[in-house]
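The next block is upload23.txt, given as compact mmCIF, C-alpha atoms.
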# COMPACT_ATOMS: atom_id res chain seq x y z
CA MET A 405 -15.92 -14.15 -7.14
CA GLU A 406 -15.92 -12.68 -10.65
CA THR A 407 -14.53 -9.16 -10.87
CA GLU A 408 -16.32 -7.10 -13.51
CA ILE A 409 -14.78 -4.20 -15.44
CA LEU A 410 -17.39 -1.44 -15.69
CA LYS A 411 -17.20 1.51 -18.10
CA SER A 412 -18.98 4.81 -17.44
CA ASP A 413 -22.23 3.65 -19.03
CA ARG A 414 -22.52 1.03 -16.27
CA LEU A 415 -22.17 3.45 -13.37
CA SER A 416 -25.52 2.39 -11.90
CA GLU A 417 -24.20 -1.15 -11.51
CA ALA A 418 -21.25 0.14 -9.49
CA VAL A 419 -23.66 2.11 -7.28
CA ASN A 420 -25.77 -1.01 -6.74
CA PHE A 421 -22.74 -3.08 -5.81
CA LEU A 422 -21.74 -0.53 -3.15
CA ALA A 423 -25.30 -0.28 -1.85
CA ASP A 424 -25.37 -4.08 -1.53
CA GLY A 425 -22.22 -4.04 0.61
CA LYS A 426 -19.78 -5.04 -2.13
CA LEU A 427 -16.33 -3.64 -2.92
CA VAL A 428 -15.81 -1.54 -6.05
CA ALA A 429 -12.55 0.01 -7.23
CA PHE A 430 -12.98 3.55 -8.52
CA PRO A 431 -10.89 6.07 -10.48
CA THR A 432 -9.50 9.35 -9.19
CA GLU A 433 -7.02 11.84 -10.62
CA THR A 434 -4.28 10.37 -8.38
CA VAL A 435 -4.59 6.56 -8.23
CA TYR A 436 -7.44 4.04 -8.26
CA GLY A 437 -9.14 3.58 -4.89
CA LEU A 438 -10.89 0.57 -3.35
CA GLY A 439 -14.39 1.70 -2.44
CA ALA A 440 -16.87 0.60 0.20
CA ASP A 441 -19.67 2.35 2.08
CA ALA A 442 -17.81 4.29 4.78
CA THR A 443 -20.79 4.09 7.15
CA ARG A 444 -20.80 0.26 7.35
CA PRO A 445 -17.99 -1.11 9.56
CA ASP A 446 -18.76 -4.71 8.55
CA ILE A 447 -18.11 -3.85 4.90
CA VAL A 448 -15.08 -1.66 5.61
CA LYS A 449 -13.46 -4.70 7.22
CA ASP A 450 -13.64 -6.40 3.82
CA VAL A 451 -11.44 -3.65 2.37
CA TYR A 452 -8.64 -4.52 4.78
CA ALA A 453 -9.06 -8.22 3.99
CA ALA A 454 -9.02 -7.74 0.21
CA LYS A 455 -5.85 -5.63 0.35
CA GLY A 456 -4.10 -7.52 3.14
CA ARG A 457 -3.89 -4.14 4.89
CA PRO A 458 -3.04 -3.72 8.61
CA SER A 459 -6.17 -2.71 10.54
CA ASP A 460 -4.48 0.22 12.32
CA ASN A 461 -3.83 1.98 9.00
CA PRO A 462 -6.63 4.58 8.66
CA LEU A 463 -8.65 5.00 5.46
CA ILE A 464 -9.40 8.16 3.51
CA VAL A 465 -13.09 9.06 3.31
CA HIS A 466 -14.07 10.23 -0.18
CA VAL A 467 -16.95 12.69 -0.47
CA ASP A 468 -18.81 14.40 -3.31
CA SER A 469 -18.93 17.84 -1.66
CA PRO A 470 -17.67 19.81 1.36
CA ALA A 471 -21.21 19.60 2.78
CA MET A 472 -20.86 15.83 3.10
CA VAL A 473 -17.74 16.30 5.25
CA TRP A 474 -19.64 18.25 7.91
CA GLU A 475 -22.04 15.37 8.45
CA TYR A 476 -19.09 13.62 10.11
CA ALA A 477 -16.32 16.09 10.98
CA ASP A 478 -16.21 18.39 13.99
CA THR A 479 -16.84 21.96 12.82
CA LYS A 480 -14.09 23.39 15.07
CA TYR A 481 -11.71 23.57 12.12
CA LYS A 482 -14.36 24.43 9.52
CA PRO A 483 -13.12 27.97 8.71
CA LEU A 484 -9.55 26.75 8.09
CA ALA A 485 -10.68 23.63 6.23
CA GLU A 486 -13.04 25.53 3.97
CA LYS A 487 -10.21 27.81 2.85
CA LEU A 488 -8.42 24.70 1.61
CA MET A 489 -11.56 23.16 0.15
CA ASN A 490 -12.42 26.32 -1.76
CA LYS A 491 -8.94 26.44 -3.28
CA PHE A 492 -8.05 22.78 -3.86
CA TRP A 493 -11.27 20.73 -4.02
CA PRO A 494 -12.06 18.75 -6.00
CA GLY A 495 -8.42 17.80 -6.16
CA PRO A 496 -5.44 15.91 -4.71
CA LEU A 497 -5.64 17.19 -1.13
CA THR A 498 -6.72 15.10 1.86
CA ILE A 499 -7.66 16.96 5.06
CA ILE A 500 -7.49 15.36 8.52
CA MET A 501 -9.86 16.69 11.19
CA PRO A 502 -11.47 15.50 14.43
CA ILE A 503 -14.81 13.78 13.91
CA GLN A 504 -18.11 14.01 15.73
CA PRO A 505 -18.40 11.22 18.37
CA GLY A 506 -19.81 8.00 16.97
CA LYS A 507 -20.05 9.23 13.38
CA LEU A 508 -17.38 6.98 11.87
CA SER A 509 -16.19 3.58 13.05
CA LYS A 510 -12.74 2.59 14.24
CA GLU A 511 -12.46 0.51 11.07
CA VAL A 512 -12.35 3.79 9.13
CA THR A 513 -10.29 5.88 11.55
CA GLY A 514 -7.82 3.26 12.77
CA GLY A 515 -9.22 3.85 16.26
CA LEU A 516 -8.32 7.56 16.27
CA ASN A 517 -10.68 10.47 16.94
CA THR A 518 -9.73 11.98 13.59
CA ALA A 519 -10.56 11.08 10.00
CA ALA A 520 -9.13 11.99 6.61
CA PHE A 521 -11.46 13.50 3.96
CA ARG A 522 -10.99 14.09 0.24
CA MET A 523 -13.12 15.20 -2.71
CA PRO A 524 -11.49 13.61 -5.77
CA ASN A 525 -11.30 15.42 -9.08
CA ASN A 526 -12.99 12.72 -11.18
CA SER A 527 -16.51 13.32 -12.44
CA LEU A 528 -17.35 9.61 -12.65
CA THR A 529 -16.44 8.96 -9.04
CA LEU A 530 -18.22 12.10 -7.83
CA LYS A 531 -21.37 10.79 -9.53
CA LEU A 532 -20.79 7.41 -7.91
CA ILE A 533 -20.69 8.93 -4.42
CA LYS A 534 -23.63 11.26 -5.08
CA GLU A 535 -25.86 8.45 -6.35
CA LEU A 536 -24.88 6.23 -3.41
CA GLY A 537 -25.70 9.12 -1.07
CA LYS A 538 -22.91 8.20 1.32
CA PRO A 539 -19.14 8.69 1.52
CA ILE A 540 -16.90 5.83 0.47
CA VAL A 541 -13.57 4.76 1.90
CA GLY A 542 -10.82 4.62 -0.67
CA PRO A 543 -7.36 3.26 0.03
CA SER A 544 -5.35 2.50 -3.09
CA ALA A 545 -6.85 -0.49 -4.93
CA ASN A 546 -3.81 -2.75 -4.78
CA THR A 547 -2.26 -5.44 -2.65
CA SER A 548 -0.99 -3.68 0.47
CA GLY A 549 2.63 -2.60 0.15
CA LYS A 550 2.80 -2.90 -3.65
CA PRO A 551 2.93 -0.05 -6.19
CA SER A 552 -0.34 1.84 -6.34
CA PRO A 553 -2.60 1.27 -9.36
CA THR A 554 -2.89 3.97 -12.00
CA GLU A 555 -4.91 1.90 -14.49
CA ALA A 556 -7.83 -0.52 -14.16
CA LYS A 557 -5.61 -3.39 -15.35
CA HIS A 558 -3.32 -2.82 -12.33
CA VAL A 559 -6.31 -3.21 -10.00
CA TYR A 560 -7.43 -6.35 -11.83
CA HIS A 561 -3.95 -7.86 -11.53
CA ASP A 562 -3.91 -7.42 -7.75
CA LEU A 563 -7.53 -7.84 -6.73
CA LYS A 564 -9.30 -10.01 -9.30
CA GLY A 565 -11.58 -12.47 -7.53
CA LYS A 566 -11.46 -10.40 -4.33
CA ILE A 567 -13.74 -7.49 -5.29
CA SER A 568 -16.97 -7.22 -7.25
CA ALA A 569 -16.09 -4.58 -9.82
CA ILE A 570 -13.66 -1.99 -11.16
CA LEU A 571 -15.05 1.27 -12.49
CA ASP A 572 -12.71 1.98 -15.41
CA ASP A 573 -12.04 5.58 -16.44
CA GLY A 574 -8.66 5.06 -18.09
CA PRO A 575 -5.20 5.98 -16.76
CA THR A 576 -5.02 8.45 -13.89
CA VAL A 577 -3.81 11.99 -14.57
CA ILE A 578 -1.45 12.63 -11.62
CA GLY A 579 -0.20 9.16 -10.72
CA VAL A 580 0.79 9.64 -7.05
CA GLU A 581 -1.49 9.83 -4.04
CA SER A 582 -2.89 13.05 -2.62
CA THR A 583 -1.14 15.42 -0.25
CA VAL A 584 -2.35 14.78 3.31
CA ILE A 585 -2.55 17.73 5.71
CA ASP A 586 -3.48 17.40 9.38
CA LEU A 587 -5.52 20.29 10.78
CA SER A 588 -6.04 18.70 14.19
CA VAL A 589 -2.68 19.92 15.51
CA GLU A 590 -1.43 23.34 16.58
CA ILE A 591 0.42 23.97 13.32
CA PRO A 592 -1.16 22.38 10.22
CA THR A 593 1.13 19.53 9.24
CA ILE A 594 1.77 17.67 5.99
CA LEU A 595 1.82 13.96 6.78
CA ARG A 596 2.19 12.76 3.20
CA PRO A 597 3.56 14.84 0.31
CA GLY A 598 1.69 15.03 -2.97
CA MET A 599 1.30 17.31 -5.97
CA ILE A 600 0.02 20.16 -3.78
CA ASP A 601 3.12 21.37 -1.97
CA SER A 602 3.77 23.36 1.19
CA ASP A 603 4.21 26.64 -0.68
CA GLN A 604 0.76 26.32 -2.23
CA LEU A 605 -0.80 25.47 1.12
CA GLU A 606 0.91 28.34 2.92
CA GLU A 607 -0.47 30.80 0.38
CA VAL A 608 -3.95 29.82 1.60
CA ILE A 609 -3.66 29.11 5.35
CA GLY A 610 -0.29 30.45 6.47
CA THR A 611 2.46 28.42 8.12
CA VAL A 612 2.51 24.65 7.66
CA ARG A 613 5.16 22.15 8.59
CA SER A 614 6.08 18.67 7.34
CA ASP A 615 6.21 15.56 9.50
CA HIS A 616 9.06 13.23 8.54
CA HIS A 617 9.27 11.21 11.76
CA LYS A 618 9.37 7.41 11.60
CA VAL A 619 6.17 5.93 13.01
CA THR A 620 6.98 3.32 15.67
CA ASP A 621 5.48 -0.18 15.84
CA SER A 622 3.29 0.84 18.79
CA GLU A 623 2.06 4.08 17.18
CA VAL A 624 -1.13 4.35 15.13
CA PRO A 625 -0.45 6.41 11.97
CA LYS A 626 -2.80 9.32 11.31
CA ALA A 627 -2.51 8.97 7.54
CA PRO A 628 -1.86 6.18 5.02
CA GLY A 629 1.73 5.58 3.94
CA MET A 630 3.39 6.63 7.20
CA LYS A 631 4.12 3.33 8.94
CA TYR A 632 4.22 0.26 6.75
CA LYS A 633 6.27 -0.71 3.71
CA HIS A 634 4.72 0.82 0.62
CA TYR A 635 4.94 0.95 -3.17
CA ALA A 636 7.49 -1.87 -3.44
CA PRO A 637 7.71 -4.31 -6.37
CA ASN A 638 9.20 -7.77 -5.88
CA ALA A 639 12.47 -6.69 -7.52
CA GLN A 640 14.92 -4.60 -5.53
CA VAL A 641 14.69 -0.95 -6.52
CA ILE A 642 17.94 1.04 -6.46
CA ILE A 643 17.81 4.82 -6.81
CA ILE A 644 20.37 6.41 -9.12
CA ASP A 645 20.77 10.00 -7.92
CA ASP A 646 23.41 11.02 -10.49
CA PRO A 647 22.51 10.09 -14.10
CA LYS A 648 26.24 9.57 -14.78
CA ASP A 649 26.13 6.55 -12.42
CA PHE A 650 23.68 4.50 -14.48
CA LYS A 651 26.38 2.76 -16.56
CA ASN A 652 28.46 1.80 -13.51
CA ALA A 653 25.36 0.57 -11.69
CA LEU A 654 24.38 -1.54 -14.70
CA SER A 655 27.84 -3.10 -14.83
CA GLU A 656 27.74 -4.01 -11.15
CA CYS A 657 24.21 -5.41 -11.32
CA CYS A 658 25.08 -7.46 -14.41
CA GLU A 659 27.58 -9.40 -12.29
CA GLN A 660 24.62 -10.78 -10.37
CA THR A 661 21.86 -13.02 -11.68
CA GLY A 662 18.50 -11.79 -12.88
CA ARG A 663 17.20 -9.26 -15.37
CA ILE A 664 17.71 -5.54 -14.85
CA GLY A 665 15.03 -2.93 -15.44
CA ILE A 666 15.70 0.75 -16.02
CA LEU A 667 13.21 3.45 -15.02
CA ALA A 668 14.32 6.85 -16.28
CA THR A 669 13.54 9.83 -18.48
CA ASP A 670 13.87 9.65 -22.26
CA GLU A 671 17.12 11.62 -22.14
CA ILE A 672 18.75 9.02 -19.87
CA LEU A 673 17.32 5.98 -21.65
CA GLU A 674 18.72 7.14 -25.00
CA GLN A 675 22.24 7.01 -23.54
CA LEU A 676 21.96 3.42 -22.27
CA PRO A 677 22.25 0.08 -24.11
CA ASP A 678 19.09 -1.35 -25.68
CA ASN A 679 19.54 -4.85 -24.25
CA PHE A 680 17.91 -3.90 -20.94
CA HIS A 681 14.26 -3.81 -19.96
CA LYS A 682 13.37 -0.09 -20.08
CA PHE A 683 10.41 2.08 -19.07
CA SER A 684 10.19 5.79 -19.81
CA LEU A 685 9.38 8.36 -17.15
CA GLY A 686 8.87 10.95 -19.87
CA THR A 687 10.68 14.25 -19.85
CA ASP A 688 10.46 15.83 -16.38
CA ILE A 689 9.45 15.43 -12.75
CA TYR A 690 5.75 15.83 -13.55
CA SER A 691 5.65 13.03 -16.10
CA ALA A 692 7.95 10.96 -13.85
CA SER A 693 5.44 11.22 -10.99
CA LYS A 694 2.61 10.23 -13.31
CA HIS A 695 4.43 7.15 -14.65
CA LEU A 696 6.36 5.97 -11.57
CA PHE A 697 3.93 3.31 -10.34
CA ALA A 698 3.11 2.08 -13.84
CA GLY A 699 6.83 1.77 -14.53
CA LEU A 700 7.54 -0.19 -11.36
CA ARG A 701 4.75 -2.58 -12.27
CA ALA A 702 5.78 -2.92 -15.91
CA LEU A 703 9.41 -3.72 -15.08
CA ASP A 704 8.63 -6.15 -12.27
CA ASP A 705 8.35 -9.82 -13.14
CA ASP A 706 9.73 -13.16 -11.96
CA LYS A 707 12.98 -12.66 -13.89
CA THR A 708 13.75 -9.11 -12.75
CA ALA A 709 16.25 -8.84 -9.91
CA PHE A 710 16.90 -5.08 -9.90
CA ILE A 711 15.13 -1.94 -11.06
CA LEU A 712 17.45 1.05 -11.43
CA ALA A 713 15.29 4.15 -10.99
CA GLN A 714 16.22 7.76 -11.66
CA GLY A 715 16.30 10.12 -8.71
CA PHE A 716 15.49 13.83 -8.98
CA PRO A 717 17.03 16.82 -7.19
CA ASP A 718 15.58 18.05 -3.93
CA ASP A 719 12.87 20.62 -4.57
CA ALA A 720 9.20 21.02 -3.74
CA HIS A 721 8.02 19.77 -7.13
CA GLY A 722 9.78 16.44 -6.70
CA GLU A 723 8.90 15.74 -3.08
CA ALA A 724 6.00 13.38 -3.82
CA TYR A 725 8.06 11.43 -6.38
CA ARG A 726 11.05 11.11 -4.04
CA ASN A 727 8.82 10.05 -1.13
CA ARG A 728 7.23 7.20 -3.12
CA LEU A 729 10.47 6.11 -4.78
CA ASN A 730 12.40 6.06 -1.49
CA LYS A 731 9.75 3.84 0.08
CA SER A 732 9.63 1.53 -2.93
CA ALA A 733 13.43 1.17 -2.74
CA GLY A 734 13.62 0.83 1.03
CA GLN A 735 15.93 3.89 0.92
CA GLN A 736 18.47 2.01 -1.24
CA HIS A 737 20.57 4.54 -3.19
CA TYR A 738 23.45 3.61 -5.46
CA LYS A 739 26.86 4.43 -4.03
CA ASN A 740 29.66 4.67 -6.58
Could you write out this file's structure as structure tokens?
Amino acid sequence: METEILKSDRLSEAVNFLADGKLVAFPTETVYGLGADATRPDIVKDVYAAKGRPSDNPLIVHVDSPAMVWEYADTKYKPLAEKLMNKFWPGPLTIIMPIQPGKLSKEVTGGLNTAAFRMPNNSLTLKLIKELGKPIVGPSANTSGKPSPTEAKHVYHDLKGKISAILDDGPTVIGVESTVIDLSVEIPTILRPGMIDSDQLEEVIGTVRSDHHKVTDSEVPKAPGMKYKHYAPNAQVIIIDDPKDFKNALSECCEQTGRIGILATDEILEQLPDNFHKFSLGTDIYSASKHLFAGLRALDDDKTAFILAQGFPDDAHGEAYRNRLNKSAGQQHYKN
């Protein structure tokens, strides 16, 4: 299969591919998603196959408006959900709610009676969904378990020959996946952190909590990113929590074979030798979140053994970054 790169002037071709039951990667403000008609279980199965994704890992349903959600979701939580939609949509917030019986297949929901809905803040993708006239599923458009794609070239690297097209709208703005909040429980619960944090959510709907429990092998996750290994390059990522430890970590890693990559802010990189493979995270936690996945991909090759990545202090702004980096590193932190 030839995978075509489509610019905005070829949007109608992307719509036709989806209508014909093909897979099309699409841009959002967070990461690129892998799109298929959410109402066709036979086609949704192809998404799992293309990614190598476990079939019990539910998919996010992308819509072009709140009205499209209520064609599928149970209206029991509509008042609460619409408070969030009015404040944060279109945007990086995914909302989990019970669905109407028979409206979405188990291929979309992972066999649960809930589904996750999001209205992305990307005008090209909103037009794509509107012209198709149906919601599209949209897990990250990468090989399952690898760093998420923030540019069309990342999608092409992972999925060329496996999907029909990539709708290219340039690099994503945010760079980490959406916040996922579950409204189907007694206290609204954040299942995956993102750029919209608990303080922002509580200003709109009151008390929320965060779920940090480890999903067991027998448990079906309610949201992507909860159960399986995620965001990991082939090289071993090691998190450097204290910037002062970079030089010691480099010395220890140099005693082993393989190239070393360094993923850090400009301030840190300027203090380290130039004979290492470096990638800048910019100046702060916001730019670091945007560039994390691109950096992991850029530093990862057959010769790279370790990627030393900068950690950030515990605060709400850095929660999404720390969540993704911890998973990419398998919780490996440097100990001096």
- Mind listing as a list in words all residues within 10 Å of (-4.4, -6.7, 1.4), counting only C-alpha atoms?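 Residues with an atom at most 10 Å from (-4.4, -6.7, 1.4): Asp450, Val451, Tyr452, Ala453, Ala454, Lys455, Gly456, Arg457, Pro458, Ala545, Asn546, Thr547, Ser548, Gly549, Lys550, Asp562, Leu563 and Lys566 of chain A.
Distances to Asn420 (chain A) were evaluated for A:Ala485, A:Ala569, A:Met472, A:Leu497 using only C-alpha atoms, and the minimum falls at A:Ala569.
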- Message: When you look at Ala556 (chain A) with a cut-off of 7 Å (counting all atoms listed in the file), what residues show up, excluding the ones that are within fewer than 6 positions of it in the same chain? I need them as an MDAnalysis selection string.
- Response: chainID A and resid 570 572 574
Residue selection dump (C-alpha atoms) as a short mmCIF file (atom, residue, chain, number, x, y, z; two decimals), in the coordinates of the input:
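And here's out_34.cif as it stands now:
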data_model
loop_
_atom_site.label_atom_id
_atom_site.label_comp_id
_atom_site.auth_asym_id
_atom_site.auth_seq_id
_atom_site.Cartn_x
_atom_site.Cartn_y
_atom_site.Cartn_z
CA ILE A 570 -13.66 -1.99 -11.16
CA ASP A 572 -12.71 1.98 -15.41
CA GLY A 574 -8.66 5.06 -18.09
#
- Query: Do you know which residues are at most 8 Å from Gln736 (chain A) counting all atoms listed in the file, after dropping those on the same chain fewer than 4 positions away, and could you put them as a PyMOL selection string?
  - Reply: chain A and resi 641-643+730
- Item | Counting all atoms listed in the file, the option among A:Ser544, A:Ser552, A:Thr669, A:Thr432 closest to Leu532 (chain A) |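 For Leu532 (chain A), the nearest of the candidates is A:Thr432.
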- Query: So what do you get for CA of Met523 (chain A) versus CA of Ile447 (chain A), distance-wise?
  - Reply: 21.1 Å
- Counting all atoms listed in the file, the option among A:Ile672, A:Met501, A:Ala429, A:Leu463 closest to Leu484 (chain A):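 Ranking A:Ile672, A:Met501, A:Ala429, A:Leu463 by distance to Leu484 (chain A), first place goes to A:Met501.
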- Task: Could you tell me which of A:Cys658, A:Ile711, A:Met599, A:Leu410 comes closest to Ser691 (chain A) if we count all atoms listed in the file?
- Result: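 Of A:Cys658, A:Ile711, A:Met599, A:Leu410, the one nearest Ser691 (chain A), counting all atoms listed in the file, is A:Met599.
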- Message: (5.3, 14.7, 0.2) in this file's frame - what residues fall within 10 Å of it? Use all atoms listed in the file and give the answer as JSON, numbers by chain.
- Response: {"A": [580, 581, 582, 583, 584, 594, 595, 596, 597, 598, 599, 600, 601, 602, 614, 615, 616, 720, 721, 722, 723, 724, 725, 726, 727, 728]}
